[in-house]
Amino acid sequence: MTLTLQKSVVCPYCWEGWEPEDAVWVSRHRDLRGDPRLGVDAPLRFLPTRFNARGLAIDARDQVCTEIACPRCHLALPRAFLEFKSLFVSIVGAPGSGKSFFLGAAVNQLRNILARQFNLSFQDADPERNITVTDYENALFQQPNLDKPVEVANLIRKTQFGDGAGDTFYSVRYGTHERRQPRPFSFLIDTLPGHPSTEKAKRYGRIMCLYDNAGESYLPTRQDLFAEDMTAHLIRSKFLLFLFDPLQDMGFYREVERKSGRLESGVRFQSAQYVVLNEAARRVKQLLGGSPSTLHEAPLLVLVSKWDAWKGLLPELSAIEPVRPASSGLHGLDIPEVERASAMIRDLLNRLCPTIVQTAESFCREVRYMPVTALGTSPRPDPARTDSRGMAAEVIVPRDIHPRWVTVPFLYGIGRFGSGLVPVFKR
Ligand SMILES: Nc1nc2c(ncn2[C@@H]2O[C@H](COP(=O)(O)OP(=O)(O)OP(=O)(O)O)[C@@H](O)[C@H]2O)c(=O)[nH]1
Ligand SMILES: [Mg+2]
Ligand SMILES: [Zn+2]
């Protein structure tokens, strides 16, 4: 099979654009070590002059190489990046807002519904890095005993800073200067036979790169030299996801409590969440160099998390995903339904925590609001177990986990920026 290469590749770590022929290769022979960017133990990167019959480069000690790397930052990347366009997506949210749970639930559901309803394959483009998400998925959906309550806080650990195998960044040296480059989770979304786009010669597939930071990276008070490096993906993203946790918002929480009585014990009020969104907006505007009043062009999807706990506030909002069968036998996203939900949630937020709406709408030109719940069922306190603060720990029965609307933000984004991969219904 002949490969069709992209005209230009954008590195998912440093965002430098380059042509596929400029890719450097990663040496295989164990004696070929030492790289100015990645350190003395990293395999040597080289521009090949010899290839084998399968087009794989041969290193200076005659070993056949399989890995390529970015010519600028020297980080290895899957070869699929040479063949498919990428689609960058940033996830922003305060610590504990539910980003990791959401990601685990969304990726798991995308694996199922994209094939079944949209004739698309959804595969790990970088399985090594994606292990973290796979672990989230396993925690949520592969518990050995479906009926034994599990402590929610132990299901998925807090996202850490770090540069181990499954961790969030790489350290790269540019002369005397060190940078931290975030490692996205990456997924190859491609058409399966029967998808309307496969009839055309062009390649429609996309590599979706998801950047998930620890919530702390967005706190303006954090004295982190690298926070800006770690969040520079914001300006590359086609769309931005902001996870807003209504249970960490005093005004919203009080309303939930008023409507549904006592809530879970795990609630923590941290600093106001608009601060996190504001900090993301400030960095985007600073990096793009425009005036602070210019609105950013990428759509912002404000995802109001933990819907299971606040669904009583908007009983008319349907838990059924806004996905409808189309005449082609495939499914499409029902945009009017998404807009209707967005308008309802905007009204609710405007009433209970208007600073979120104001901050979002002074950041991006287009803002949509969506409900999401990774669990679908609210955890309950188990008096027999105590958490680290000595309170009754929150537990959930694995069989009761039913995520809602978690794929909608991705279907919406892929529908808009994935050139025909996901059909949409308009009014
Ligand atoms: N009720 C409810 N609680 C949830 C849901 N998703 C997450 N939580 C709770 O929120 C906590 C934090 O969720 P995480 O996904 O770890 O939050 P995060 O945004 O990744 O946090 P950092 O890694 O600290 O940035 C979890 O321990 C759960 O207790 C949900 O869908 N419903
Ligand atoms: Mg996390
Ligand atoms: Zn690079």
# chains A, B, ... in the order shown; residues from 1 in each chain; ligands from 1
call {"tool": "residues_near_ligand", "arguments": {"ligand": "ligand 2", "cutoff": "6 Å", "atoms": "only C-alpha atoms and all ligand atoms", "output": "list in words"}}
result
Lys99, Ser100, Lys158, Thr159 and Ala214 of chain A
call {"tool": "residues_near_ligand", "arguments": {"ligand": "ligand 1", "cutoff": "9 Å", "atoms": "only C-alpha atoms and all ligand atoms", "output": "VMD selection string"}}
result
chain A and resid 92 to 105 151 to 160 212 to 217 243 245 247 264 266 to 267 305 to 310 372 to 380 394 to 395 401 403 to 404
call {"tool": "select_by_dssp", "arguments": {"residues": "range 77-212 of chain A", "states": "strand (DSSP E)", "output": "VMD selection string"}}
result
chain A and resid 77 85 to 93 120 to 124 150 to 151 169 to 174 177 to 182 185 to 191 206 to 212
call {"tool": "closest_atom_pairs", "arguments": {"of": "chain A", "to": "ligand 3", "cutoff": "7 Å", "atoms": "only C-alpha atoms and all ligand atoms", "output": "JSON lines"}}
result
{"residue": "A:Cys11", "atom": "CA", "partner": "ligand 3", "partner_atom_place_in_ligand_line": "1 (Zn)", "distance": 4.6}
{"residue": "A:Pro12", "atom": "CA", "partner": "ligand 3", "partner_atom_place_in_ligand_line": "1 (Zn)", "distance": 6.6}
{"residue": "A:Tyr13", "atom": "CA", "partner": "ligand 3", "partner_atom_place_in_ligand_line": "1 (Zn)", "distance": 5.1}
{"residue": "A:Cys14", "atom": "CA", "partner": "ligand 3", "partner_atom_place_in_ligand_line": "1 (Zn)", "distance": 4.1}
{"residue": "A:Trp15", "atom": "CA", "partner": "ligand 3", "partner_atom_place_in_ligand_line": "1 (Zn)", "distance": 5.9}
{"residue": "A:Glu16", "atom": "CA", "partner": "ligand 3", "partner_atom_place_in_ligand_line": "1 (Zn)", "distance": 5.7}
{"residue": "A:Cys70", "atom": "CA", "partner": "ligand 3", "partner_atom_place_in_ligand_line": "1 (Zn)", "distance": 4.6}
{"residue": "A:Pro71", "atom": "CA", "partner": "ligand 3", "partner_atom_place_in_ligand_line": "1 (Zn)", "distance": 6.6}
{"residue": "A:Arg72", "atom": "CA", "partner": "ligand 3", "partner_atom_place_in_ligand_line": "1 (Zn)", "distance": 5.1}
{"residue": "A:Cys73", "atom": "CA", "partner": "ligand 3", "partner_atom_place_in_ligand_line": "1 (Zn)", "distance": 4.1}
{"residue": "A:His74", "atom": "CA", "partner": "ligand 3", "partner_atom_place_in_ligand_line": "1 (Zn)", "distance": 6.2}
{"residue": "A:Leu75", "atom": "CA", "partner": "ligand 3", "partner_atom_place_in_ligand_line": "1 (Zn)", "distance": 6.1}
call {"tool": "write_last_selection", "arguments": {"atoms": "N, CA and C atoms", "output": "compact mmCIF listing (two decimals), in the first residue's frame"}}
result
# COMPACT_ATOMS: atom_id res chain seq x y z
N CYS A 11 3.65 19.53 14.69
CA CYS A 11 4.09 18.72 15.83
C CYS A 11 3.12 18.91 17.00
N PRO A 12 2.63 17.81 17.60
CA PRO A 12 1.67 17.93 18.69
C PRO A 12 2.31 18.34 20.02
N TYR A 13 3.63 18.48 20.05
CA TYR A 13 4.31 18.87 21.30
C TYR A 13 4.83 20.30 21.27
N CYS A 14 5.41 20.71 20.10
CA CYS A 14 5.95 22.07 20.03
C CYS A 14 5.23 22.91 18.97
N TRP A 15 4.35 22.29 18.20
CA TRP A 15 3.49 22.93 17.18
C TRP A 15 4.24 23.54 16.02
N GLU A 16 5.52 23.17 15.89
CA GLU A 16 6.26 23.60 14.70
C GLU A 16 5.64 22.88 13.49
N CYS A 70 10.03 14.79 15.68
CA CYS A 70 9.91 16.17 15.18
C CYS A 70 11.31 16.76 14.98
N PRO A 71 11.57 17.39 13.83
CA PRO A 71 12.91 17.94 13.60
C PRO A 71 13.26 19.08 14.56
N ARG A 72 12.26 19.71 15.17
CA ARG A 72 12.58 20.83 16.06
C ARG A 72 12.78 20.36 17.51
N CYS A 73 11.77 19.69 18.08
CA CYS A 73 11.88 19.33 19.50
C CYS A 73 12.44 17.93 19.71
N HIS A 74 12.54 17.14 18.63
CA HIS A 74 13.11 15.79 18.65
C HIS A 74 12.25 14.75 19.37
N LEU A 75 11.05 15.12 19.79
CA LEU A 75 10.19 14.13 20.45
C LEU A 75 9.60 13.18 19.41
call {"tool": "residues_around", "arguments": {"residues": "range 284-289 of chain A", "least_positions_apart": "6", "cutoff": "10 Å", "atoms": "only C-alpha atoms", "output": "PyMOL selection string"}}
result
chain A and resi 228+231-236+278+295-296+363
call {"tool": "atom_distance", "arguments": {"atom1": "CA of Thr359 in chain A", "atom2": "CA of Tyr253 in chain A"}}
result
19.4 Å
call {"tool": "closest_residue", "arguments": {"among": "A:Leu192, A:Ala360, A:Ala80, A:Met344", "to": "Ala281 in chain A", "atoms": "only C-alpha atoms"}}
result
A:Ala360
call {"tool": "closest_residue", "arguments": {"among": "A:Pro182, A:Ile113, A:Gly17, A:Tyr218", "to": "Glu321 in chain A", "atoms": "only C-alpha atoms"}}
result
A:Ile113
call {"tool": "decode", "arguments": {"residues": "range 238-254 of chain A", "atoms": "all heavy atoms", "output": "PDB file, in the first residue's frame"}}
result
ATOM      1  N   LYS A 238      -8.758  23.809  17.962  1.00  0.00           N
ATOM      2  CA  LYS A 238      -9.887  24.177  17.111  1.00  0.00           C
ATOM      3  C   LYS A 238     -11.090  24.504  17.970  1.00  0.00           C
ATOM      4  O   LYS A 238     -11.936  25.285  17.598  1.00  0.00           O
ATOM      5  CB  LYS A 238     -10.242  23.013  16.176  1.00  0.00           C
ATOM      6  CG  LYS A 238      -9.293  22.881  15.028  1.00  0.00           C
ATOM      7  CD  LYS A 238      -9.578  23.941  13.980  1.00  0.00           C
ATOM      8  CE  LYS A 238      -8.821  23.636  12.717  1.00  0.00           C
ATOM      9  NZ  LYS A 238      -8.483  24.819  11.960  1.00  0.00           N
ATOM     10  N   PHE A 239     -11.208  23.792  19.104  1.00  0.00           N
ATOM     11  CA  PHE A 239     -12.246  24.169  20.055  1.00  0.00           C
ATOM     12  C   PHE A 239     -11.758  23.884  21.467  1.00  0.00           C
ATOM     13  O   PHE A 239     -10.855  23.067  21.669  1.00  0.00           O
ATOM     14  CB  PHE A 239     -13.597  23.509  19.741  1.00  0.00           C
ATOM     15  CG  PHE A 239     -13.613  22.007  19.725  1.00  0.00           C
ATOM     16  CD1 PHE A 239     -14.078  21.277  20.810  1.00  0.00           C
ATOM     17  CD2 PHE A 239     -13.179  21.301  18.603  1.00  0.00           C
ATOM     18  CE1 PHE A 239     -14.122  19.898  20.783  1.00  0.00           C
ATOM     19  CE2 PHE A 239     -13.216  19.916  18.558  1.00  0.00           C
ATOM     20  CZ  PHE A 239     -13.689  19.213  19.653  1.00  0.00           C
ATOM     21  N   LEU A 240     -12.324  24.624  22.420  1.00  0.00           N
ATOM     22  CA  LEU A 240     -11.870  24.527  23.806  1.00  0.00           C
ATOM     23  C   LEU A 240     -13.011  23.985  24.661  1.00  0.00           C
ATOM     24  O   LEU A 240     -14.164  24.373  24.470  1.00  0.00           O
ATOM     25  CB  LEU A 240     -11.487  25.914  24.344  1.00  0.00           C
ATOM     26  CG  LEU A 240     -10.549  26.766  23.490  1.00  0.00           C
ATOM     27  CD1 LEU A 240     -10.386  28.152  24.095  1.00  0.00           C
ATOM     28  CD2 LEU A 240      -9.193  26.094  23.388  1.00  0.00           C
ATOM     29  N   LEU A 241     -12.670  23.100  25.576  1.00  0.00           N
ATOM     30  CA  LEU A 241     -13.666  22.579  26.500  1.00  0.00           C
ATOM     31  C   LEU A 241     -13.351  23.119  27.892  1.00  0.00           C
ATOM     32  O   LEU A 241     -12.228  22.946  28.383  1.00  0.00           O
ATOM     33  CB  LEU A 241     -13.609  21.050  26.530  1.00  0.00           C
ATOM     34  CG  LEU A 241     -13.733  20.325  25.180  1.00  0.00           C
ATOM     35  CD1 LEU A 241     -13.600  18.815  25.372  1.00  0.00           C
ATOM     36  CD2 LEU A 241     -15.074  20.647  24.520  1.00  0.00           C
ATOM     37  N   PHE A 242     -14.306  23.783  28.495  1.00  0.00           N
ATOM     38  CA  PHE A 242     -14.114  24.242  29.875  1.00  0.00           C
ATOM     39  C   PHE A 242     -15.072  23.467  30.770  1.00  0.00           C
ATOM     40  O   PHE A 242     -16.282  23.541  30.614  1.00  0.00           O
ATOM     41  CB  PHE A 242     -14.388  25.749  29.986  1.00  0.00           C
ATOM     42  CG  PHE A 242     -14.349  26.255  31.404  1.00  0.00           C
ATOM     43  CD1 PHE A 242     -13.183  26.179  32.158  1.00  0.00           C
ATOM     44  CD2 PHE A 242     -15.481  26.798  31.997  1.00  0.00           C
ATOM     45  CE1 PHE A 242     -13.142  26.625  33.482  1.00  0.00           C
ATOM     46  CE2 PHE A 242     -15.442  27.250  33.322  1.00  0.00           C
ATOM     47  CZ  PHE A 242     -14.269  27.162  34.056  1.00  0.00           C
ATOM     48  N   LEU A 243     -14.509  22.685  31.692  1.00  0.00           N
ATOM     49  CA  LEU A 243     -15.325  21.920  32.625  1.00  0.00           C
ATOM     50  C   LEU A 243     -15.647  22.807  33.810  1.00  0.00           C
ATOM     51  O   LEU A 243     -14.731  23.199  34.544  1.00  0.00           O
ATOM     52  CB  LEU A 243     -14.544  20.704  33.124  1.00  0.00           C
ATOM     53  CG  LEU A 243     -14.766  19.319  32.535  1.00  0.00           C
ATOM     54  CD1 LEU A 243     -15.808  18.550  33.283  1.00  0.00           C
ATOM     55  CD2 LEU A 243     -15.076  19.371  31.082  1.00  0.00           C
ATOM     56  N   PHE A 244     -16.919  23.098  33.968  1.00  0.00           N
ATOM     57  CA  PHE A 244     -17.346  23.917  35.101  1.00  0.00           C
ATOM     58  C   PHE A 244     -18.032  22.992  36.093  1.00  0.00           C
ATOM     59  O   PHE A 244     -18.971  22.271  35.739  1.00  0.00           O
ATOM     60  CB  PHE A 244     -18.313  25.007  34.619  1.00  0.00           C
ATOM     61  CG  PHE A 244     -18.953  25.760  35.747  1.00  0.00           C
ATOM     62  CD1 PHE A 244     -18.191  26.612  36.542  1.00  0.00           C
ATOM     63  CD2 PHE A 244     -20.306  25.614  36.039  1.00  0.00           C
ATOM     64  CE1 PHE A 244     -18.770  27.302  37.602  1.00  0.00           C
ATOM     65  CE2 PHE A 244     -20.890  26.297  37.103  1.00  0.00           C
ATOM     66  CZ  PHE A 244     -20.119  27.144  37.878  1.00  0.00           C
ATOM     67  N   ASP A 245     -17.548  22.982  37.331  1.00  0.00           N
ATOM     68  CA  ASP A 245     -18.116  22.110  38.354  1.00  0.00           C
ATOM     69  C   ASP A 245     -19.092  22.916  39.202  1.00  0.00           C
ATOM     70  O   ASP A 245     -18.684  23.705  40.054  1.00  0.00           O
ATOM     71  CB  ASP A 245     -16.986  21.551  39.233  1.00  0.00           C
ATOM     72  CG  ASP A 245     -17.518  20.655  40.340  1.00  0.00           C
ATOM     73  OD1 ASP A 245     -18.756  20.508  40.444  1.00  0.00           O
ATOM     74  OD2 ASP A 245     -16.688  20.111  41.100  1.00  0.00           O
ATOM     75  N   PRO A 246     -20.387  22.711  38.992  1.00  0.00           N
ATOM     76  CA  PRO A 246     -21.363  23.546  39.716  1.00  0.00           C
ATOM     77  C   PRO A 246     -21.342  23.283  41.217  1.00  0.00           C
ATOM     78  O   PRO A 246     -21.757  24.136  41.994  1.00  0.00           O
ATOM     79  CB  PRO A 246     -22.700  23.142  39.094  1.00  0.00           C
ATOM     80  CG  PRO A 246     -22.484  21.786  38.530  1.00  0.00           C
ATOM     81  CD  PRO A 246     -21.042  21.717  38.136  1.00  0.00           C
ATOM     82  N   LEU A 247     -20.853  22.100  41.613  1.00  0.00           N
ATOM     83  CA  LEU A 247     -20.851  21.789  43.043  1.00  0.00           C
ATOM     84  C   LEU A 247     -19.714  22.500  43.781  1.00  0.00           C
ATOM     85  O   LEU A 247     -19.668  22.513  44.996  1.00  0.00           O
ATOM     86  CB  LEU A 247     -20.758  20.275  43.262  1.00  0.00           C
ATOM     87  CG  LEU A 247     -21.845  19.446  42.576  1.00  0.00           C
ATOM     88  CD1 LEU A 247     -21.711  17.988  42.978  1.00  0.00           C
ATOM     89  CD2 LEU A 247     -23.238  19.963  42.907  1.00  0.00           C
ATOM     90  N   GLN A 248     -18.784  23.075  43.023  1.00  0.00           N
ATOM     91  CA  GLN A 248     -17.724  23.870  43.671  1.00  0.00           C
ATOM     92  C   GLN A 248     -18.088  25.350  43.673  1.00  0.00           C
ATOM     93  O   GLN A 248     -17.292  26.194  44.045  1.00  0.00           O
ATOM     94  CB  GLN A 248     -16.399  23.700  42.924  1.00  0.00           C
ATOM     95  CG  GLN A 248     -15.679  22.413  43.244  1.00  0.00           C
ATOM     96  CD  GLN A 248     -14.298  22.377  42.590  1.00  0.00           C
ATOM     97  OE1 GLN A 248     -13.524  23.317  42.666  1.00  0.00           O
ATOM     98  NE2 GLN A 248     -13.983  21.283  41.937  1.00  0.00           N
ATOM     99  N   ASP A 249     -19.287  25.665  43.159  1.00  0.00           N
ATOM    100  CA  ASP A 249     -19.711  27.057  43.113  1.00  0.00           C
ATOM    101  C   ASP A 249     -20.769  27.277  44.196  1.00  0.00           C
ATOM    102  O   ASP A 249     -21.810  26.618  44.200  1.00  0.00           O
ATOM    103  CB  ASP A 249     -20.299  27.365  41.732  1.00  0.00           C
ATOM    104  CG  ASP A 249     -20.715  28.817  41.622  1.00  0.00           C
ATOM    105  OD1 ASP A 249     -21.872  29.144  41.995  1.00  0.00           O
ATOM    106  OD2 ASP A 249     -19.872  29.621  41.200  1.00  0.00           O
ATOM    107  N   MET A 250     -20.487  28.204  45.074  1.00  0.00           N
ATOM    108  CA  MET A 250     -21.353  28.404  46.239  1.00  0.00           C
ATOM    109  C   MET A 250     -22.802  28.694  45.837  1.00  0.00           C
ATOM    110  O   MET A 250     -23.732  28.092  46.363  1.00  0.00           O
ATOM    111  CB  MET A 250     -20.781  29.561  47.071  1.00  0.00           C
ATOM    112  CG  MET A 250     -21.454  29.753  48.389  1.00  0.00           C
ATOM    113  SD  MET A 250     -20.942  28.523  49.588  1.00  0.00           S
ATOM    114  CE  MET A 250     -19.386  29.229  50.135  1.00  0.00           C
ATOM    115  N   GLY A 251     -23.010  29.615  44.891  1.00  0.00           N
ATOM    116  CA  GLY A 251     -24.365  30.017  44.489  1.00  0.00           C
ATOM    117  C   GLY A 251     -25.134  28.845  43.891  1.00  0.00           C
ATOM    118  O   GLY A 251     -26.296  28.590  44.234  1.00  0.00           O
ATOM    119  N   PHE A 252     -24.485  28.108  43.024  1.00  0.00           N
ATOM    120  CA  PHE A 252     -25.109  26.970  42.349  1.00  0.00           C
ATOM    121  C   PHE A 252     -25.388  25.867  43.362  1.00  0.00           C
ATOM    122  O   PHE A 252     -26.485  25.299  43.412  1.00  0.00           O
ATOM    123  CB  PHE A 252     -24.182  26.462  41.233  1.00  0.00           C
ATOM    124  CG  PHE A 252     -24.881  25.686  40.158  1.00  0.00           C
ATOM    125  CD1 PHE A 252     -24.915  26.162  38.844  1.00  0.00           C
ATOM    126  CD2 PHE A 252     -25.499  24.476  40.425  1.00  0.00           C
ATOM    127  CE1 PHE A 252     -25.552  25.451  37.837  1.00  0.00           C
ATOM    128  CE2 PHE A 252     -26.134  23.756  39.422  1.00  0.00           C
ATOM    129  CZ  PHE A 252     -26.155  24.247  38.126  1.00  0.00           C
ATOM    130  N   TYR A 253     -24.406  25.616  44.208  1.00  0.00           N
ATOM    131  CA  TYR A 253     -24.539  24.540  45.199  1.00  0.00           C
ATOM    132  C   TYR A 253     -25.742  24.776  46.111  1.00  0.00           C
ATOM    133  O   TYR A 253     -26.524  23.868  46.393  1.00  0.00           O
ATOM    134  CB  TYR A 253     -23.256  24.434  46.021  1.00  0.00           C
ATOM    135  CG  TYR A 253     -23.320  23.351  47.063  1.00  0.00           C
ATOM    136  CD1 TYR A 253     -23.103  22.031  46.724  1.00  0.00           C
ATOM    137  CD2 TYR A 253     -23.626  23.657  48.385  1.00  0.00           C
ATOM    138  CE1 TYR A 253     -23.187  21.028  47.670  1.00  0.00           C
ATOM    139  CE2 TYR A 253     -23.718  22.661  49.347  1.00  0.00           C
ATOM    140  CZ  TYR A 253     -23.498  21.348  48.984  1.00  0.00           C
ATOM    141  OH  TYR A 253     -23.584  20.366  49.909  1.00  0.00           O
ATOM    142  N   ARG A 254     -25.873  26.042  46.563  1.00  0.00           N
ATOM    143  CA  ARG A 254     -26.988  26.367  47.466  1.00  0.00           C
ATOM    144  C   ARG A 254     -28.327  26.051  46.812  1.00  0.00           C
ATOM    145  O   ARG A 254     -29.243  25.558  47.459  1.00  0.00           O
ATOM    146  CB  ARG A 254     -26.941  27.869  47.810  1.00  0.00           C
ATOM    147  CG  ARG A 254     -25.795  28.221  48.721  1.00  0.00           C
ATOM    148  CD  ARG A 254     -26.323  28.801  50.044  1.00  0.00           C
ATOM    149  NE  ARG A 254     -25.241  28.832  51.019  1.00  0.00           N
ATOM    150  CZ  ARG A 254     -24.383  29.843  51.115  1.00  0.00           C
ATOM    151  NH1 ARG A 254     -24.500  30.895  50.335  1.00  0.00           N
ATOM    152  NH2 ARG A 254     -23.430  29.801  52.021  1.00  0.00           N
TER     153      ARG A 254
END
